[in-house]
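Step one of this worksheet: look at the structure below.
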Amino acid sequence: MTDRKKIRCLAVDDEPPALHVLKNYIMSVHNLELAGTCADAVEALNYLRQQTIDLLFLDIQMPNLLGTDLIRTLKNPPKVIFTTAYRKFAVEGFELDAVDYLLKPISFERFLKAVNKVMETSLQVVENSDNTHDPQNNAQNAFINLRAERKNIKIPLDQIIFIESLKDYIKVVTVTKNIITKQSISSIEELLSKNRFVRIHRSYIVALDKIESFTSDTIEIAKHQLPISRMYRHEVEKILTI
């Protein structure tokens, strides 16, 4: 998520009454900023090509292009809260790393619960401002904040061994402990330096400096053997064989 005081939101729904409800809800929450509204997924796709947003409220069942299919077309999608009149779409929504899904008609209380998930699970890479002219020190002092066990946990990036997706949770394996938090693996991937971490599988991100050995199919790291999926194999081999 971008570093702003307010979370920029885009609401997408082909039903004007539902869109009106979302618009009013967003404008009622101090930490949210309504960046725009779209009447269908195609319009939203064009909007996202030109504008950056933090949070997408997205209807699923829409003409021409489903909301779920829209997310599949985006290389780096924003955080998503799906809205739908059909409970059957919930599983598919979470498979796409959605923060939450709201079942219509949406109550304000339920809307706030979903928004709170975004705020509680947001991540920020922080660097020591006293070392801005020293890249090596910056790398050593960079860390992420994870919300777990009802508190914010500071994790230095150089302590992370790998990150594993557990459906709508992730497990961050470090040299000292494991942290499990409700967060999508795609959202944390966006915040990690590609010089230090690589995605090897839909379910795994690994620290490059912790890799002990590798083949075309697996990586050995801290006594763990992790799979390299076909989707990521070419990029992984390109990075590891430089």
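The way I read the labels, and the way they are meant: chains A, B, ... in the order of the structure tokens, residue 1 as the first residue of every chain, and ligand 1 as the first ligand shown, with later ones counted on from there.
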
**Message:** as a PyMOL selection string, please: every residue in region 72-226 of chain A that a backbone DSSP assignment puts in alpha helix (DSSP H).
**Reply:** chain A and resi 72-73+90-95+108-121+135-141+185-189

Hey, what's within 10 Å of region 17-26 of chain A if we count only C-alpha atoms and toss same-chain stuff fewer than 6 positions away? As a CSV table (one decimal) with all heavy atoms, in the first residue's frame, please?
chain,number,residue,atom,x,y,z
A,7,ILE,N,-6.3,6.1,2.9
A,7,ILE,CA,-6.3,5.0,1.9
A,7,ILE,C,-7.2,5.4,0.8
A,7,ILE,O,-8.4,5.6,0.9
A,7,ILE,CB,-6.9,3.7,2.6
A,7,ILE,CG1,-6.0,3.3,3.8
A,7,ILE,CG2,-7.0,2.6,1.7
A,7,ILE,CD1,-6.5,2.2,4.7
A,8,ARG,N,-6.6,5.4,-0.4
A,8,ARG,CA,-7.4,5.8,-1.6
A,8,ARG,C,-8.2,4.6,-2.1
A,8,ARG,O,-7.6,3.5,-2.4
A,8,ARG,CB,-6.4,6.3,-2.7
A,8,ARG,CG,-5.9,7.7,-2.5
A,8,ARG,CD,-4.8,8.1,-3.5
A,8,ARG,NE,-5.2,7.8,-4.9
A,8,ARG,CZ,-5.9,8.6,-5.7
A,8,ARG,NH1,-6.4,9.8,-5.1
A,8,ARG,NH2,-6.2,8.3,-6.9
A,9,CYS,N,-9.5,4.8,-2.3
A,9,CYS,CA,-10.4,3.7,-2.6
A,9,CYS,C,-11.1,4.0,-4.0
A,9,CYS,O,-11.4,5.1,-4.3
A,9,CYS,CB,-11.5,3.6,-1.6
A,9,CYS,SG,-10.9,3.4,0.1
A,10,LEU,N,-11.3,2.9,-4.7
A,10,LEU,CA,-12.1,2.9,-5.9
A,10,LEU,C,-13.3,1.9,-5.7
A,10,LEU,O,-13.0,0.7,-5.3
A,10,LEU,CB,-11.3,2.4,-7.1
A,10,LEU,CG,-12.0,2.3,-8.4
A,10,LEU,CD1,-12.4,3.7,-8.9
A,10,LEU,CD2,-11.1,1.7,-9.5
A,11,ALA,N,-14.5,2.3,-5.9
A,11,ALA,CA,-15.7,1.5,-5.8
A,11,ALA,C,-16.2,1.1,-7.2
A,11,ALA,O,-16.3,2.0,-8.0
A,11,ALA,CB,-16.7,2.2,-5.0
A,32,LEU,N,-10.4,6.9,5.0
A,32,LEU,CA,-10.6,6.5,3.6
A,32,LEU,C,-10.8,7.7,2.7
A,32,LEU,O,-11.4,8.7,3.1
A,32,LEU,CB,-11.8,5.6,3.5
A,32,LEU,CG,-11.8,4.3,4.2
A,32,LEU,CD1,-13.0,3.4,3.9
A,32,LEU,CD2,-10.5,3.4,4.0
A,33,GLU,N,-10.3,7.6,1.5
A,33,GLU,CA,-10.5,8.7,0.5
A,33,GLU,C,-11.1,8.1,-0.7
A,33,GLU,O,-10.6,7.1,-1.3
A,33,GLU,CB,-9.2,9.4,0.2
A,33,GLU,CG,-9.3,10.4,-1.0
A,33,GLU,CD,-7.9,10.9,-1.4
A,33,GLU,OE1,-7.0,10.8,-0.6
A,33,GLU,OE2,-7.8,11.4,-2.5
A,34,LEU,N,-12.3,8.6,-1.2
A,34,LEU,CA,-12.9,8.1,-2.4
A,34,LEU,C,-12.2,8.7,-3.6
A,34,LEU,O,-12.3,9.8,-3.9
A,34,LEU,CB,-14.4,8.4,-2.4
A,34,LEU,CG,-15.2,7.9,-3.6
A,34,LEU,CD1,-15.2,6.4,-3.6
A,34,LEU,CD2,-16.6,8.5,-3.7
A,35,ALA,N,-11.4,7.8,-4.3
A,35,ALA,CA,-10.7,8.3,-5.5
A,35,ALA,C,-11.6,8.3,-6.7
A,35,ALA,O,-11.4,9.1,-7.6
A,35,ALA,CB,-9.5,7.3,-5.7
A,36,GLY,N,-12.6,7.4,-6.7
A,36,GLY,CA,-13.5,7.4,-7.9
A,36,GLY,C,-14.4,6.2,-7.8
A,36,GLY,O,-14.4,5.4,-6.9
A,37,THR,N,-15.4,6.2,-8.7
A,37,THR,CA,-16.3,5.1,-8.8
A,37,THR,C,-16.4,4.6,-10.3
A,37,THR,O,-16.2,5.4,-11.2
A,37,THR,CB,-17.7,5.5,-8.4
A,37,THR,OG1,-18.2,6.5,-9.2
A,37,THR,CG2,-17.7,5.9,-6.9
A,38,CYS,N,-16.7,3.3,-10.5
A,38,CYS,CA,-16.8,2.8,-11.9
A,38,CYS,C,-18.1,1.9,-11.9
A,38,CYS,O,-18.4,1.2,-11.0
A,38,CYS,CB,-15.6,2.0,-12.3
A,38,CYS,SG,-14.1,3.0,-12.4
A,39,ALA,N,-18.7,1.9,-13.1
A,39,ALA,CA,-20.0,1.2,-13.3
A,39,ALA,C,-19.7,-0.3,-13.7
A,39,ALA,O,-20.7,-1.0,-13.7
A,39,ALA,CB,-20.9,1.9,-14.2
A,57,PHE,N,-13.0,-1.7,-3.8
A,57,PHE,CA,-14.2,-2.4,-3.5
A,57,PHE,C,-14.9,-2.8,-4.8
A,57,PHE,O,-15.3,-2.0,-5.6
A,57,PHE,CB,-15.2,-1.4,-2.7
A,57,PHE,CG,-14.7,-1.0,-1.4
A,57,PHE,CD1,-13.9,0.1,-1.2
A,57,PHE,CD2,-15.1,-1.8,-0.3
A,57,PHE,CE1,-13.5,0.5,0.1
A,57,PHE,CE2,-14.6,-1.4,1.0
A,57,PHE,CZ,-13.8,-0.3,1.2
A,58,LEU,N,-14.9,-4.1,-5.0
A,58,LEU,CA,-15.2,-4.7,-6.3
A,58,LEU,C,-16.4,-5.7,-6.3
A,58,LEU,O,-16.3,-6.7,-5.7
A,58,LEU,CB,-13.9,-5.3,-6.8
A,58,LEU,CG,-14.0,-5.9,-8.2
A,58,LEU,CD1,-14.2,-4.8,-9.3
A,58,LEU,CD2,-12.6,-6.6,-8.5
A,59,ASP,N,-17.4,-5.3,-7.0
A,59,ASP,CA,-18.5,-6.3,-7.2
A,59,ASP,C,-18.0,-7.5,-8.1
A,59,ASP,O,-17.1,-7.3,-9.0
A,59,ASP,CB,-19.7,-5.6,-7.9
A,59,ASP,CG,-20.9,-6.5,-8.1
A,59,ASP,OD1,-21.0,-7.4,-7.3
A,59,ASP,OD2,-21.7,-6.2,-9.0
A,83,THR,N,-17.4,-7.4,-3.2
A,83,THR,CA,-18.8,-7.2,-2.8
A,83,THR,C,-19.7,-8.1,-3.7
A,83,THR,O,-19.5,-8.1,-4.9
A,83,THR,CB,-19.3,-5.7,-2.9
A,83,THR,OG1,-19.2,-5.3,-4.3
A,83,THR,CG2,-18.4,-4.8,-2.1
A,84,THR,N,-20.6,-8.8,-3.1
A,84,THR,CA,-21.4,-9.7,-4.0
A,84,THR,C,-22.7,-10.1,-3.3
A,84,THR,O,-22.8,-10.0,-2.1
A,84,THR,CB,-20.6,-11.0,-4.2
A,84,THR,OG1,-21.4,-11.9,-5.0
A,84,THR,CG2,-20.2,-11.7,-2.9
A,104,LYS,N,-24.1,-8.6,0.0
A,104,LYS,CA,-25.1,-7.5,-0.1
A,104,LYS,C,-26.4,-8.1,0.5
A,104,LYS,O,-26.7,-9.3,0.4
A,104,LYS,CB,-25.3,-7.2,-1.6
A,104,LYS,CG,-24.1,-6.6,-2.3
A,104,LYS,CD,-24.4,-6.4,-3.7
A,104,LYS,CE,-23.2,-5.8,-4.5
A,104,LYS,NZ,-23.5,-5.6,-5.9
A,105,PRO,N,-27.3,-7.2,1.0
A,105,PRO,CA,-27.0,-5.8,1.3
A,105,PRO,C,-26.0,-5.6,2.4
A,105,PRO,O,-26.0,-6.3,3.4
A,105,PRO,CB,-28.4,-5.3,1.7
A,105,PRO,CG,-29.1,-6.5,2.3
A,105,PRO,CD,-28.6,-7.6,1.5
A,106,ILE,N,-25.1,-4.6,2.2
A,106,ILE,CA,-24.0,-4.4,3.1
A,106,ILE,C,-24.3,-3.4,4.2
A,106,ILE,O,-24.7,-2.3,3.9
A,106,ILE,CB,-22.8,-3.9,2.3
A,106,ILE,CG1,-22.4,-4.8,1.1
A,106,ILE,CG2,-21.6,-3.6,3.2
A,106,ILE,CD1,-21.4,-4.2,0.1
A,107,SER,N,-24.2,-3.9,5.4
A,107,SER,CA,-24.4,-3.0,6.6
A,107,SER,C,-23.1,-2.2,6.8
A,107,SER,O,-22.0,-2.6,6.5
A,107,SER,CB,-24.7,-3.8,7.8
A,107,SER,OG,-23.6,-4.5,8.3
A,108,PHE,N,-23.3,-1.0,7.4
A,108,PHE,CA,-22.1,-0.2,7.7
A,108,PHE,C,-21.2,-0.9,8.7
A,108,PHE,O,-20.0,-0.8,8.6
A,108,PHE,CB,-22.6,1.2,8.2
A,108,PHE,CG,-21.5,2.2,8.4
A,108,PHE,CD1,-20.7,2.5,7.3
A,108,PHE,CD2,-21.2,2.8,9.6
A,108,PHE,CE1,-19.6,3.4,7.5
A,108,PHE,CE2,-20.2,3.7,9.8
A,108,PHE,CZ,-19.4,4.0,8.7
A,109,GLU,N,-21.8,-1.6,9.7
A,109,GLU,CA,-21.0,-2.3,10.7
A,109,GLU,C,-20.1,-3.3,10.0
A,109,GLU,O,-18.9,-3.4,10.3
A,109,GLU,CB,-21.9,-3.0,11.7
A,109,GLU,CG,-21.1,-3.8,12.8
A,109,GLU,CD,-22.0,-4.5,13.7
A,109,GLU,OE1,-23.3,-4.4,13.5
A,109,GLU,OE2,-21.5,-5.1,14.7
A,111,PHE,N,-19.1,-3.3,6.8
A,111,PHE,CA,-18.2,-2.6,6.0
A,111,PHE,C,-17.0,-2.1,6.9
A,111,PHE,O,-15.8,-2.3,6.4
A,111,PHE,CB,-18.9,-1.3,5.5
A,111,PHE,CG,-18.0,-0.4,4.7
A,111,PHE,CD1,-17.7,-0.5,3.4
A,111,PHE,CD2,-17.5,0.7,5.4
A,111,PHE,CE1,-16.9,0.4,2.7
A,111,PHE,CE2,-16.6,1.6,4.7
A,111,PHE,CZ,-16.4,1.4,3.4
A,112,LEU,N,-17.3,-1.6,8.1
A,112,LEU,CA,-16.2,-1.2,8.9
A,112,LEU,C,-15.3,-2.3,9.4
A,112,LEU,O,-14.1,-2.2,9.5
A,112,LEU,CB,-16.8,-0.5,10.2
A,112,LEU,CG,-17.3,0.9,10.0
A,112,LEU,CD1,-17.9,1.4,11.3
A,112,LEU,CD2,-16.3,1.9,9.5
A,115,VAL,N,-12.9,-2.9,6.5
A,115,VAL,CA,-11.9,-1.8,6.4
A,115,VAL,C,-10.9,-2.0,7.5
A,115,VAL,O,-9.7,-1.7,7.3
A,115,VAL,CB,-12.6,-0.5,6.5
A,115,VAL,CG1,-11.6,0.7,6.6
A,115,VAL,CG2,-13.5,-0.2,5.2

**Message:** At a cut-off of 9 Å, using only C-alpha atoms, what residues contact Val80 (chain A)? Leave out same-chain residues fewer than 5 positions from it and give the result as number ranges by chain.
**Reply:** A: 54-58, 71, 93, 96-101

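The gap separating CA of Ile170 (chain A) from CA of Tyr86 (chain A) is 26.5 Å, in Å to one decimal.
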
**Prompt:** What's the 12 Å shell around region 198-205 of chain A, counting only C-alpha atoms, without same-chain residues fewer than 2 positions away, as an MDAnalysis selection string?
**Reply:** chainID A and resid 95:97 160:173 184:196 207:211 214:221 224:240
